[in-house]
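Undergrad: See run.cif below, with mmCIF, C-alpha atoms.
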```cif
data_coords
loop_
_atom_site.group_PDB
_atom_site.id
_atom_site.type_symbol
_atom_site.label_atom_id
_atom_site.label_comp_id
_atom_site.auth_asym_id
_atom_site.auth_seq_id
_atom_site.Cartn_x
_atom_site.Cartn_y
_atom_site.Cartn_z
ATOM 1 C CA MET A 1 -21.342 13.501 6.134
ATOM 2 C CA SER A 2 -19.366 10.614 7.580
ATOM 3 C CA LEU A 3 -17.822 10.423 11.027
ATOM 4 C CA MET A 4 -14.986 8.440 9.527
ATOM 5 C CA THR A 5 -12.361 11.129 9.781
ATOM 6 C CA GLY A 6 -12.132 14.778 10.606
ATOM 7 C CA VAL A 7 -9.709 17.597 11.241
ATOM 8 C CA LYS A 8 -9.613 19.868 14.238
ATOM 9 C CA PRO A 9 -8.512 23.485 13.712
ATOM 10 C CA THR A 10 -5.136 22.635 15.189
ATOM 11 C CA HIS A 11 -4.708 19.913 12.604
ATOM 12 C CA TYR A 12 -4.222 22.432 9.814
ATOM 13 C CA TYR A 13 -0.529 22.110 10.602
ATOM 14 C CA LEU A 14 -0.740 18.490 9.435
ATOM 15 C CA LEU A 15 -2.269 19.673 6.183
ATOM 16 C CA ALA A 16 0.595 22.120 5.871
ATOM 17 C CA LEU A 17 3.044 19.247 6.200
ATOM 18 C CA THR A 18 1.181 17.367 3.480
ATOM 19 C CA ALA A 19 1.372 20.404 1.222
ATOM 20 C CA ALA A 20 5.061 20.766 1.986
ATOM 21 C CA GLY A 21 5.596 17.156 0.953
ATOM 22 C CA VAL A 22 3.930 17.816 -2.380
ATOM 23 C CA LEU A 23 6.038 20.926 -2.926
ATOM 24 C CA LEU A 24 9.218 18.862 -2.668
ATOM 25 C CA PHE A 25 8.189 17.261 -5.950
ATOM 26 C CA TYR A 26 8.041 20.688 -7.525
ATOM 27 C CA TYR A 27 11.430 22.007 -6.520
ATOM 28 C CA PHE A 28 12.927 21.616 -9.960
ATOM 29 C CA GLY A 29 10.048 23.300 -11.816
ATOM 30 C CA LYS A 30 10.630 24.982 -15.170
ATOM 31 C CA ASN A 31 9.428 28.460 -14.157
ATOM 32 C CA LYS A 32 7.600 30.434 -11.508
ATOM 33 C CA ASP A 33 4.153 29.902 -13.001
ATOM 34 C CA ALA A 34 4.209 26.176 -13.678
ATOM 35 C CA VAL A 35 6.114 23.146 -12.537
ATOM 36 C CA GLN A 36 6.610 19.760 -14.118
ATOM 37 C CA VAL A 37 6.161 16.565 -12.152
ATOM 38 C CA ASP A 38 7.033 13.128 -13.508
ATOM 39 C CA ILE A 39 4.099 10.818 -12.816
ATOM 40 C CA LEU A 40 4.817 7.116 -13.099
ATOM 41 C CA GLN A 41 2.479 5.493 -15.591
ATOM 42 C CA THR A 42 2.778 1.810 -14.719
ATOM 43 C CA ALA A 43 0.466 0.145 -17.219
ATOM 44 C CA GLY A 44 1.401 -3.512 -16.968
ATOM 45 C CA PHE A 45 4.084 -2.905 -14.329
ATOM 46 C CA SER A 46 4.145 -3.655 -10.624
ATOM 47 C CA GLY A 47 4.812 -0.921 -8.080
ATOM 48 C CA SER A 48 8.466 -1.981 -7.780
ATOM 49 C CA GLN A 49 9.188 -1.834 -11.523
ATOM 50 C CA ARG A 50 10.471 1.347 -13.140
ATOM 51 C CA CYS A 51 11.308 2.320 -16.690
ATOM 52 C CA GLU A 52 11.873 5.518 -18.626
ATOM 53 C CA LYS A 53 8.876 4.872 -20.901
ATOM 54 C CA CYS A 54 6.601 4.747 -17.848
ATOM 55 C CA VAL A 55 7.183 8.403 -16.938
ATOM 56 C CA LYS A 56 4.697 11.007 -18.102
ATOM 57 C CA PRO A 57 5.490 14.713 -17.533
ATOM 58 C CA CYS A 58 2.750 16.662 -15.798
ATOM 59 C CA THR A 59 2.682 20.455 -15.779
ATOM 60 C CA VAL A 60 1.086 21.887 -12.630
ATOM 61 C CA VAL A 61 0.180 25.562 -12.855
ATOM 62 C CA GLY A 62 0.327 27.385 -9.523
ATOM 63 C CA LEU A 63 -2.943 28.400 -7.859
ATOM 64 C CA SER A 64 -3.150 32.193 -7.710
ATOM 65 C CA SER A 65 -6.862 32.946 -7.177
ATOM 66 C CA ILE A 66 -10.068 31.399 -5.880
ATOM 67 C CA GLU A 67 -11.600 32.047 -9.320
ATOM 68 C CA GLN A 68 -8.974 29.751 -10.832
ATOM 69 C CA TYR A 69 -9.814 27.061 -8.261
ATOM 70 C CA ARG A 70 -13.548 27.308 -8.844
ATOM 71 C CA LYS A 71 -13.149 27.392 -12.605
ATOM 72 C CA TYR A 72 -11.748 23.880 -12.304
ATOM 73 C CA LEU A 73 -13.662 22.269 -9.430
ATOM 74 C CA HIS A 74 -17.097 23.805 -10.050
ATOM 75 C CA HIS A 75 -17.394 22.821 -13.711
ATOM 76 C CA THR A 76 -17.517 19.535 -15.603
ATOM 77 C CA GLU A 77 -14.870 18.555 -18.143
ATOM 78 C CA THR A 78 -16.635 15.665 -19.849
ATOM 79 C CA THR A 79 -20.219 14.558 -20.398
ATOM 80 C CA CYS A 80 -22.430 11.718 -19.189
ATOM 81 C CA LYS A 81 -25.701 10.805 -20.883
ATOM 82 C CA THR A 82 -26.766 8.333 -18.182
ATOM 83 C CA LEU A 83 -25.998 9.781 -14.740
ATOM 84 C CA VAL A 84 -27.826 7.656 -12.169
ATOM 85 C CA GLN A 85 -28.447 8.451 -8.498
ATOM 86 C CA PHE A 86 -27.794 5.758 -5.907
ATOM 87 C CA GLY A 87 -28.784 6.364 -2.270
ATOM 88 C CA GLY A 88 -30.113 9.488 -0.598
ATOM 89 C CA ARG A 89 -33.801 8.877 -1.246
ATOM 90 C CA LYS A 90 -36.280 9.410 1.577
ATOM 91 C CA PRO A 91 -36.309 8.425 4.367
ATOM 92 C CA ALA A 92 -32.513 8.400 3.947
ATOM 93 C CA PRO A 93 -30.753 11.784 4.245
ATOM 94 C CA SER A 94 -30.213 13.511 0.914
ATOM 95 C CA ASP A 95 -26.442 13.879 1.428
ATOM 96 C CA GLY A 96 -26.182 10.101 1.100
ATOM 97 C CA ARG A 97 -26.863 10.294 -2.627
ATOM 98 C CA LYS A 98 -24.053 9.590 -5.062
ATOM 99 C CA PHE A 99 -24.120 9.638 -8.847
ATOM 100 C CA VAL A 100 -22.639 7.014 -11.146
ATOM 101 C CA CYS A 101 -22.217 7.432 -14.895
ATOM 102 C CA LEU A 102 -23.568 4.332 -16.624
ATOM 103 C CA ASP A 103 -22.626 5.362 -20.161
ATOM 104 C CA LYS A 104 -21.604 2.432 -22.332
ATOM 105 C CA ARG A 105 -17.923 3.445 -22.418
ATOM 106 C CA PHE A 106 -17.517 2.538 -18.730
ATOM 107 C CA ASN A 107 -19.036 -0.934 -19.113
ATOM 108 C CA ILE A 108 -20.516 -0.977 -15.584
ATOM 109 C CA LYS A 109 -22.788 -4.002 -15.744
ATOM 110 C CA PRO A 110 -25.195 -5.387 -13.110
ATOM 111 C CA GLY A 111 -23.777 -8.595 -11.685
ATOM 112 C CA ASN A 112 -20.255 -7.737 -12.819
ATOM 113 C CA CYS A 113 -19.178 -4.506 -11.079
ATOM 114 C CA THR A 114 -17.014 -3.658 -8.070
ATOM 115 C CA VAL A 115 -17.471 -0.709 -5.696
ATOM 116 C CA PHE A 116 -15.303 0.538 -2.808
ATOM 117 C CA SER A 117 -17.065 2.850 -0.343
ATOM 118 C CA PHE A 118 -15.238 4.779 2.403
ATOM 119 C CA GLY A 119 -17.230 6.574 5.107
ATOM 120 C CA ILE A 120 -20.572 4.999 6.038
ATOM 121 C CA ASN A 121 -21.589 6.504 9.403
ATOM 122 C CA ASN A 122 -24.399 3.922 9.714
ATOM 123 C CA GLU A 123 -26.121 5.360 6.626
ATOM 124 C CA TRP A 124 -26.240 2.561 4.078
ATOM 125 C CA SER A 125 -28.550 3.951 1.374
ATOM 126 C CA PHE A 126 -25.833 4.290 -1.287
ATOM 127 C CA GLU A 127 -24.274 0.914 -0.569
ATOM 128 C CA ASP A 128 -27.647 -0.860 -0.445
ATOM 129 C CA ASP A 129 -28.846 0.776 -3.677
ATOM 130 C CA ILE A 130 -25.796 -0.035 -5.736
ATOM 131 C CA ALA A 131 -25.708 -3.553 -4.280
ATOM 132 C CA LYS A 132 -29.307 -4.039 -5.495
ATOM 133 C CA PHE A 133 -28.138 -2.858 -8.913
ATOM 134 C CA GLY A 134 -25.825 -5.861 -8.844
ATOM 135 C CA CYS A 135 -22.423 -4.584 -7.732
ATOM 136 C CA LYS A 136 -20.165 -6.187 -5.162
ATOM 137 C CA VAL A 137 -19.581 -3.519 -2.497
ATOM 138 C CA TYR A 138 -16.683 -3.275 -0.046
ATOM 139 C CA ALA A 139 -17.538 -0.746 2.686
ATOM 140 C CA PHE A 140 -15.069 0.788 5.160
ATOM 141 C CA ASP A 141 -15.518 2.842 8.339
ATOM 142 C CA PRO A 142 -13.674 2.447 11.683
ATOM 143 C CA THR A 143 -15.848 4.925 13.625
ATOM 144 C CA MET A 144 -19.124 2.991 13.843
ATOM 145 C CA GLY A 145 -18.278 0.674 16.728
ATOM 146 C CA LYS A 146 -18.860 -2.371 14.518
ATOM 147 C CA GLU A 147 -16.618 -5.311 13.690
ATOM 148 C CA ASP A 148 -15.961 -6.641 10.201
ATOM 149 C CA HIS A 149 -19.135 -8.336 8.966
ATOM 150 C CA GLN A 150 -21.267 -9.236 5.955
ATOM 151 C CA HIS A 151 -23.830 -6.419 5.838
ATOM 152 C CA SER A 152 -25.833 -8.088 3.060
ATOM 153 C CA ALA A 153 -25.306 -10.596 0.279
ATOM 154 C CA ASN A 154 -23.423 -8.047 -1.855
ATOM 155 C CA VAL A 155 -22.034 -5.710 0.831
ATOM 156 C CA GLN A 156 -19.008 -6.616 2.968
ATOM 157 C CA PHE A 157 -18.023 -4.261 5.811
ATOM 158 C CA PHE A 158 -14.576 -3.604 7.269
ATOM 159 C CA ALA A 159 -13.801 -1.525 10.372
ATOM 160 C CA VAL A 160 -10.825 0.286 8.845
ATOM 161 C CA GLY A 161 -10.312 3.788 7.478
ATOM 162 C CA ILE A 162 -8.439 5.081 4.462
ATOM 163 C CA ALA A 163 -5.004 6.664 4.901
ATOM 164 C CA ASN A 164 -1.591 6.901 3.233
ATOM 165 C CA TYR A 165 -0.043 4.301 5.551
ATOM 166 C CA LYS A 166 -1.017 1.135 7.409
ATOM 167 C CA GLY A 167 -1.459 1.395 11.167
ATOM 168 C CA THR A 168 -3.545 3.538 13.478
ATOM 169 C CA LYS A 169 -4.493 7.171 13.322
ATOM 170 C CA LYS A 170 -6.351 9.605 15.566
ATOM 171 C CA ILE A 171 -9.513 10.218 13.575
ATOM 172 C CA GLY A 172 -13.081 11.272 14.195
ATOM 173 C CA MET A 173 -15.213 14.370 14.020
ATOM 174 C CA GLY A 174 -15.843 17.333 16.294
ATOM 175 C CA THR A 175 -14.676 16.254 19.747
ATOM 176 C CA ASN A 176 -15.077 12.516 19.068
ATOM 177 C CA PHE A 177 -11.500 11.568 18.197
ATOM 178 C CA ALA A 178 -9.804 8.245 18.893
ATOM 179 C CA MET A 179 -6.969 6.088 17.605
ATOM 180 C CA ARG A 180 -8.452 3.815 14.969
ATOM 181 C CA LYS A 181 -7.245 1.331 12.373
ATOM 182 C CA VAL A 182 -6.346 2.697 8.921
ATOM 183 C CA ASP A 183 -4.754 1.323 5.783
ATOM 184 C CA ARG A 184 -3.717 2.213 2.231
ATOM 185 C CA PHE A 185 -6.066 1.632 -0.691
ATOM 186 C CA GLU A 186 -3.606 -0.648 -2.491
ATOM 187 C CA ASN A 187 -3.236 -2.849 0.589
ATOM 188 C CA LEU A 188 -7.011 -3.182 0.898
ATOM 189 C CA VAL A 189 -7.319 -4.118 -2.770
ATOM 190 C CA ASN A 190 -4.563 -6.711 -2.473
ATOM 191 C CA ASP A 191 -5.995 -8.186 0.738
ATOM 192 C CA LEU A 192 -9.306 -8.753 -1.051
ATOM 193 C CA GLY A 193 -7.561 -10.593 -3.865
ATOM 194 C CA LEU A 194 -8.394 -7.866 -6.385
ATOM 195 C CA ALA A 195 -4.885 -6.800 -7.458
ATOM 196 C CA GLY A 196 -4.840 -5.849 -11.126
ATOM 197 C CA THR A 197 -8.619 -5.967 -11.545
ATOM 198 C CA GLU A 198 -10.870 -3.121 -12.703
ATOM 199 C CA ILE A 199 -12.705 -1.183 -9.988
ATOM 200 C CA ASP A 200 -15.849 0.454 -11.291
ATOM 201 C CA PHE A 201 -16.506 3.058 -8.607
ATOM 202 C CA VAL A 202 -14.791 4.439 -5.492
ATOM 203 C CA LYS A 203 -16.785 6.605 -3.064
ATOM 204 C CA LEU A 204 -15.056 8.724 -0.421
ATOM 205 C CA ASP A 205 -16.882 10.739 2.242
ATOM 206 C CA VAL A 206 -14.066 10.797 4.755
ATOM 207 C CA GLU A 207 -13.734 14.272 6.255
ATOM 208 C CA LEU A 208 -10.387 15.279 4.721
ATOM 209 C CA SER A 209 -8.793 11.836 4.520
ATOM 210 C CA GLU A 210 -9.417 12.252 0.801
ATOM 211 C CA VAL A 211 -6.108 14.171 0.896
ATOM 212 C CA ASP A 212 -4.343 11.034 2.144
ATOM 213 C CA PHE A 213 -6.034 8.948 -0.554
ATOM 214 C CA LEU A 214 -5.031 11.303 -3.378
ATOM 215 C CA GLN A 215 -1.439 11.627 -2.178
ATOM 216 C CA ASP A 216 -0.959 7.887 -1.805
ATOM 217 C CA MET A 217 -2.636 6.904 -5.066
ATOM 218 C CA ILE A 218 -0.912 9.498 -7.256
ATOM 219 C CA PHE A 219 2.618 9.095 -5.870
ATOM 220 C CA ASN A 220 2.678 5.479 -4.664
ATOM 221 C CA SER A 221 -0.047 3.535 -6.492
ATOM 222 C CA PRO A 222 -0.644 4.960 -9.994
ATOM 223 C CA HIS A 223 -0.749 1.364 -11.269
ATOM 224 C CA VAL A 224 -3.816 0.858 -9.039
ATOM 225 C CA LEU A 225 -5.337 4.245 -9.832
ATOM 226 C CA LYS A 226 -5.335 3.412 -13.555
ATOM 227 C CA ASN A 227 -7.747 0.534 -12.822
ATOM 228 C CA ILE A 228 -10.424 2.804 -11.303
ATOM 229 C CA LYS A 229 -13.183 3.945 -13.676
ATOM 230 C CA GLN A 230 -14.866 6.602 -11.493
ATOM 231 C CA ILE A 231 -14.118 8.346 -8.189
ATOM 232 C CA ALA A 232 -16.869 10.133 -6.238
ATOM 233 C CA MET A 233 -15.489 12.396 -3.548
ATOM 234 C CA GLU A 234 -16.831 14.873 -1.045
ATOM 235 C CA VAL A 235 -14.097 17.527 -1.171
ATOM 236 C CA HIS A 236 -13.916 19.122 2.264
ATOM 237 C CA ASP A 237 -12.403 22.437 1.250
ATOM 238 C CA ASP A 238 -14.826 24.500 3.409
ATOM 239 C CA TYR A 239 -15.895 28.039 2.648
ATOM 240 C CA PHE A 240 -13.143 30.160 1.145
ATOM 241 C CA LYS A 241 -11.978 32.730 3.699
ATOM 242 C CA GLY A 242 -9.825 34.870 1.391
ATOM 243 C CA ASP A 243 -6.576 33.068 2.173
ATOM 244 C CA LEU A 244 -4.567 31.186 -0.431
ATOM 245 C CA SER A 245 -1.537 30.674 1.793
ATOM 246 C CA GLN A 246 0.318 27.367 1.922
ATOM 247 C CA THR A 247 -1.960 26.048 4.680
ATOM 248 C CA SER A 248 -5.256 26.791 2.931
ATOM 249 C CA ARG A 249 -7.248 23.751 1.900
ATOM 250 C CA GLN A 250 -7.463 25.008 -1.664
ATOM 251 C CA GLN A 251 -3.663 25.051 -1.967
ATOM 252 C CA VAL A 252 -3.462 21.555 -0.458
ATOM 253 C CA PHE A 253 -5.984 20.088 -2.907
ATOM 254 C CA TRP A 254 -4.913 21.964 -6.036
ATOM 255 C CA PRO A 255 -1.776 20.023 -7.118
ATOM 256 C CA TYR A 256 -3.593 16.708 -6.668
ATOM 257 C CA PHE A 257 -6.438 17.902 -8.892
ATOM 258 C CA MET A 258 -3.980 18.923 -11.589
ATOM 259 C CA MET A 259 -2.152 15.601 -11.388
ATOM 260 C CA LEU A 260 -5.456 13.726 -11.722
ATOM 261 C CA GLN A 261 -5.951 15.638 -14.970
ATOM 262 C CA CYS A 262 -2.554 14.437 -16.161
ATOM 263 C CA MET A 263 -3.647 10.889 -15.367
ATOM 264 C CA ASP A 264 -6.704 11.245 -17.629
ATOM 265 C CA PHE A 265 -9.314 11.800 -14.908
ATOM 266 C CA ARG A 266 -11.980 14.347 -15.860
ATOM 267 C CA LEU A 267 -14.748 15.909 -13.788
ATOM 268 C CA ILE A 268 -17.990 14.363 -14.952
ATOM 269 C CA GLN A 269 -20.112 15.893 -12.177
ATOM 270 C CA SER A 270 -19.686 18.783 -9.722
ATOM 271 C CA ARG A 271 -22.392 19.946 -7.349
ATOM 272 C CA ASP A 272 -22.725 22.090 -4.263
ATOM 273 C CA ALA A 273 -22.920 20.358 -0.882
ATOM 274 C CA GLY A 274 -23.084 23.387 1.409
ATOM 275 C CA ARG A 275 -19.617 23.930 2.862
ATOM 276 C CA TRP A 276 -18.211 21.161 0.667
ATOM 277 C CA ARG A 277 -18.231 20.070 -2.962
ATOM 278 C CA GLU A 278 -19.493 16.742 -4.288
ATOM 279 C CA VAL A 279 -17.553 15.740 -7.391
ATOM 280 C CA VAL A 280 -17.188 12.692 -9.608
ATOM 281 C CA TRP A 281 -14.135 12.034 -11.759
ATOM 282 C CA SER A 282 -14.229 9.580 -14.640
ATOM 283 C CA GLN A 283 -11.115 8.103 -16.171
ATOM 284 C CA GLU A 284 -11.184 8.745 -19.889
ATOM 285 C CA GLY A 285 -7.929 7.077 -20.884
ATOM 286 C CA ASN A 286 -8.082 3.346 -20.160
ATOM 287 C CA PHE A 287 -11.751 2.414 -20.527
#
```
Mind turning this structure into C-alpha cells?

TA:
Amino acid sequence: MSLMTGVKPTHYYLLALTAAGVLLFYYFGKNKDAVQVDILQTAGFSGSQRCEKCVKPCTVVGLSSIEQYRKYLHHTETTCKTLVQFGGRKPAPSDGRKFVCLDKRFNIKPGNCTVFSFGINNEWSFEDDIAKFGCKVYAFDPTMGKEDHQHSANVQFFAVGIANYKGTKKIGMGTNFAMRKVDRFENLVNDLGLAGTEIDFVKLDVELSEVDFLQDMIFNSPHVLKNIKQIAMEVHDDYFKGDLSQTSRQQVFWPYFMMLQCMDFRLIQSRDAGRWREVVWSQEGNF
C-alpha cells in the first residue's frame, strides 16, 4: 500500500462531490434504470478537436446492489494465457506484486515497452523487476521525501502525484497529510515527450487518487487513454458496510467502471487484497 495519497473519514464529502460531478453527465438519461453518456472517441484527434463521428454512446446501468458490483469487479471478462508477476517476491512485501499479461496481442516486448507507475512508498520491487525485463519505467510519488532522480538505468523517478488537475493537493495517509505537488496524466505524458505513443502498462496504488485518474482520463483525455494497453489498479473501495448511498465508494467507482467497458477495457485479472481489490484491465479494441 502506497503512502502517495489517502482519504480521511471527513474527506468522503469530496468523494460525494466527485460523484455529483459524474451525475451531471447523466441528467438526460433515457430511463430510470440506465443512462446514456456520450464518450469522445478521439482516435487520431487532439483533445481540442471535436466531431460527430468521434462520439460513442455509452449506456450506464445504475448500481442497485453489492452483488451487482461484485459480479463486475470480482470476475474477469477476458483471458490471458501468459500472466506474469513482477515485484512482490521475498524479501519484498507481497502486496508489491503486480501482474502483466504478455500475450502476443499486446506486443509488450523487452527493450521496447513503456511503464508508468504511481505510488512507490520506497518499495521498488515492481519497478525494478519490470525494468530488468527491459521496459522504460517512469515512477511517481510525492510522499517519499525524495527529489526527481534517476533510480536506475531504466527507472526515472518524479516527486509528483496523480490528480485531475495540475497544482498542489493535501495528500497522505493516516495522520501524515501535507500539501504536495500533483499533475494530470496527460500533462506528465506530454512533458516526457510521449504524446501519441503507446503506453504498455500503467500501475496505480494511490489510496483513492485512482478516482481522480479515472475521471480525468475518461472525460478529458480519452485520446490518451486509447493508447494504454493495460491498467493495474488497487481499487480502494474498502469493506462494504451495507450502504449504497451517493457517498459510498461503490457508487463513486461504478460509473467509471462502466465507462471503461464502453471504451473497450476488460478485466483480465481480479484478486482479493484484503480491504481492497487488485484488478488489471486490458484494452481489447486498439491493440

Undergrad: Give me, please, the distance in Å between CA of Thr78 in chain A and CA of Leu214 in chain A, quoted to one decimal.

TA: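 Computing it gives 20.6 Å between the two atoms.
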
Undergrad: Applying the PyMOL selection byres ((chain A and resi 198) around 10) to the file I just gave you, which residues come out? Please list them as an mmCIF file with C-alpha atoms, in the coordinates of the input.

TA:
```
data_model
loop_
_atom_site.group_PDB
_atom_site.id
_atom_site.type_symbol
_atom_site.label_atom_id
_atom_site.label_comp_id
_atom_site.auth_asym_id
_atom_site.auth_seq_id
_atom_site.Cartn_x
_atom_site.Cartn_y
_atom_site.Cartn_z
ATOM 1 C CA CYS A 113 -19.178 -4.506 -11.079
ATOM 2 C CA THR A 114 -17.014 -3.658 -8.070
ATOM 3 C CA VAL A 115 -17.471 -0.709 -5.696
ATOM 4 C CA LEU A 194 -8.394 -7.866 -6.385
ATOM 5 C CA ALA A 195 -4.885 -6.800 -7.458
ATOM 6 C CA GLY A 196 -4.840 -5.849 -11.126
ATOM 7 C CA THR A 197 -8.619 -5.967 -11.545
ATOM 8 C CA ILE A 199 -12.705 -1.183 -9.988
ATOM 9 C CA ASP A 200 -15.849 0.454 -11.291
ATOM 10 C CA PHE A 201 -16.506 3.058 -8.607
ATOM 11 C CA VAL A 224 -3.816 0.858 -9.039
ATOM 12 C CA LEU A 225 -5.337 4.245 -9.832
ATOM 13 C CA LYS A 226 -5.335 3.412 -13.555
ATOM 14 C CA ASN A 227 -7.747 0.534 -12.822
ATOM 15 C CA ILE A 228 -10.424 2.804 -11.303
ATOM 16 C CA LYS A 229 -13.183 3.945 -13.676
ATOM 17 C CA PHE A 287 -11.751 2.414 -20.527
#
```

Undergrad: Counting all atoms listed in the file, which residue out of A:Phe118, A:Tyr239, A:Phe106, A:Tyr165 sits closest to Gly274 in chain A?

TA: A:Tyr239

Undergrad: Using all atoms of range 235-243 of chain A listed in the file and a margin of 5 Å per side, can you give the axis-aligned box centre and edge lengths in Å to one decimal, as AutoDock Vina command-line options?

TA:
```
--center_x -11.2 --center_y 26.2 --center_z 1.3 --size_x 19.3 --size_y 27.3 --size_z 14.9
```

Undergrad: From the list A:Val160, A:Met233, A:Cys262, A:Val60, which residue is nearest Val280 in chain A when using all atoms listed in the file?

TA: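 Of all the options, A:Met233 lies closest to Val280 in chain A.
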
Undergrad: Leaving out Ile66 in chain A and any residue of its chain fewer than 2 positions from it, which residues lie within 9 Å of it when counting all atoms listed in the file, given as JSON, numbers by chain?

TA: {"A": [63, 64, 68, 69, 70, 71, 240, 242, 243, 244, 250]}

Undergrad: Given the choices A:Leu192, A:Ser152, A:Phe126, A:Gly62, which gets closest to Val252 in chain A if the distance is worked out from only C-alpha atoms?

TA: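 Looking at the shortest contact to Val252 in chain A, the residue is A:Gly62.
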
Undergrad: Mind telling me what the PyMOL selection byres ((chain A and resi 81) around 9) catches here, as a list in words?

TA: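 Taken on the displayed file, the PyMOL selection byres ((chain A and resi 81) around 9) yields the residues Thr79, Cys80, Thr82, Leu83, Cys101, Leu102 and Asp103 of chain A.
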
Undergrad: May I ask for the distance between CA of Ala178 in chain A and CA of Leu204 in chain A, given in Å to one decimal place?

TA: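 Taking CA of Ala178 in chain A as the start and CA of Leu204 in chain A as the end point, the length is 20.0 Å.
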
Undergrad: Please report the interatomic distance between CA of Ala232 in chain A and CA of Asn122 in chain A in Å with one decimal.

TA: 18.7 Å

Undergrad: Looking at A:Phe133, A:Trp124, A:Leu260, A:Lys170, which one is nearest to His151 in chain A, with distances taken over only C-alpha atoms?

TA: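 Of A:Phe133, A:Trp124, A:Leu260, A:Lys170, the one nearest His151 in chain A, counting only C-alpha atoms, is A:Trp124.
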
Undergrad: Using all atoms listed in the file, which of the listed residues (A:Thr247, A:Gln150, A:Gln230, A:Thr143) sits closest to Glu284 in chain A?

TA: A:Gln230

Undergrad: Find, counting all atoms listed in the file, the residue in A:Ala34, A:Val155, A:Met173, A:Ala163 that gets nearest to Glu210 in chain A.

TA: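 When distances to Glu210 in chain A are compared using all atoms listed in the file, the smallest one comes from A:Ala163.
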
Undergrad: Contacts of Phe158 in chain A at 8 Å or less, counting only C-alpha atoms, minus same-chain residues fewer than 5 places along, as a PyMOL selection string?

TA: chain A and resi 138-142+147-149

Undergrad: Using all atoms listed in the file, determine which residues lie at most 9 Å from Lys166 in chain A, disregarding the query and same-chain residues fewer than 2 positions distant; provide the list as a list in words.

TA: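 The neighbour list is Ile162, Ala163, Asn164, Thr168, Lys181, Val182, Asp183, Arg184 and Asn187 of chain A.
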
Undergrad: Since fewer atoms than expected are present, regenerate N, CA, C and O atoms for range 72-84 of chain A and write them as a short mmCIF file (atom, residue, chain, number, x, y, z; two decimals), keeping the file's coordinate frame.

TA:
```
data_model
loop_
_atom_site.label_atom_id
_atom_site.label_comp_id
_atom_site.auth_asym_id
_atom_site.auth_seq_id
_atom_site.Cartn_x
_atom_site.Cartn_y
_atom_site.Cartn_z
N TYR A 72 -12.00 25.31 -12.13
CA TYR A 72 -11.75 23.88 -12.30
C TYR A 72 -12.79 23.04 -11.57
O TYR A 72 -13.49 22.22 -12.17
N LEU A 73 -12.90 23.22 -10.25
CA LEU A 73 -13.66 22.27 -9.43
C LEU A 73 -15.18 22.41 -9.59
O LEU A 73 -15.91 21.46 -9.35
N HIS A 74 -15.66 23.56 -9.99
CA HIS A 74 -17.10 23.80 -10.05
C HIS A 74 -17.67 23.60 -11.45
O HIS A 74 -18.83 23.95 -11.69
N HIS A 75 -16.91 23.03 -12.35
CA HIS A 75 -17.39 22.82 -13.71
C HIS A 75 -17.00 21.43 -14.20
O HIS A 75 -15.97 20.89 -13.80
N THR A 76 -17.83 20.85 -15.06
CA THR A 76 -17.52 19.54 -15.60
C THR A 76 -16.57 19.66 -16.79
O THR A 76 -16.51 20.70 -17.45
N GLU A 77 -15.84 18.59 -17.04
CA GLU A 77 -14.87 18.56 -18.14
C GLU A 77 -15.25 17.54 -19.22
O GLU A 77 -14.68 17.55 -20.31
N THR A 78 -16.17 16.66 -18.90
CA THR A 78 -16.64 15.66 -19.85
C THR A 78 -18.11 15.43 -19.60
O THR A 78 -18.67 15.92 -18.61
N THR A 79 -18.77 14.71 -20.48
CA THR A 79 -20.22 14.56 -20.40
C THR A 79 -20.62 13.14 -20.04
O THR A 79 -19.87 12.18 -20.26
N CYS A 80 -21.83 13.01 -19.49
CA CYS A 80 -22.43 11.72 -19.19
C CYS A 80 -23.90 11.78 -19.59
O CYS A 80 -24.64 12.65 -19.14
N LYS A 81 -24.31 10.86 -20.44
CA LYS A 81 -25.70 10.80 -20.88
C LYS A 81 -26.59 10.06 -19.90
O LYS A 81 -27.80 10.28 -19.85
N THR A 82 -25.99 9.17 -19.11
CA THR A 82 -26.77 8.33 -18.18
C THR A 82 -26.17 8.45 -16.78
O THR A 82 -25.43 7.57 -16.32
N LEU A 83 -26.49 9.55 -16.10
CA LEU A 83 -26.00 9.78 -14.74
C LEU A 83 -27.09 9.34 -13.77
O LEU A 83 -28.17 9.92 -13.73
N VAL A 84 -26.81 8.31 -12.99
CA VAL A 84 -27.83 7.66 -12.17
C VAL A 84 -27.54 7.88 -10.69
O VAL A 84 -26.41 7.70 -10.23
#
```
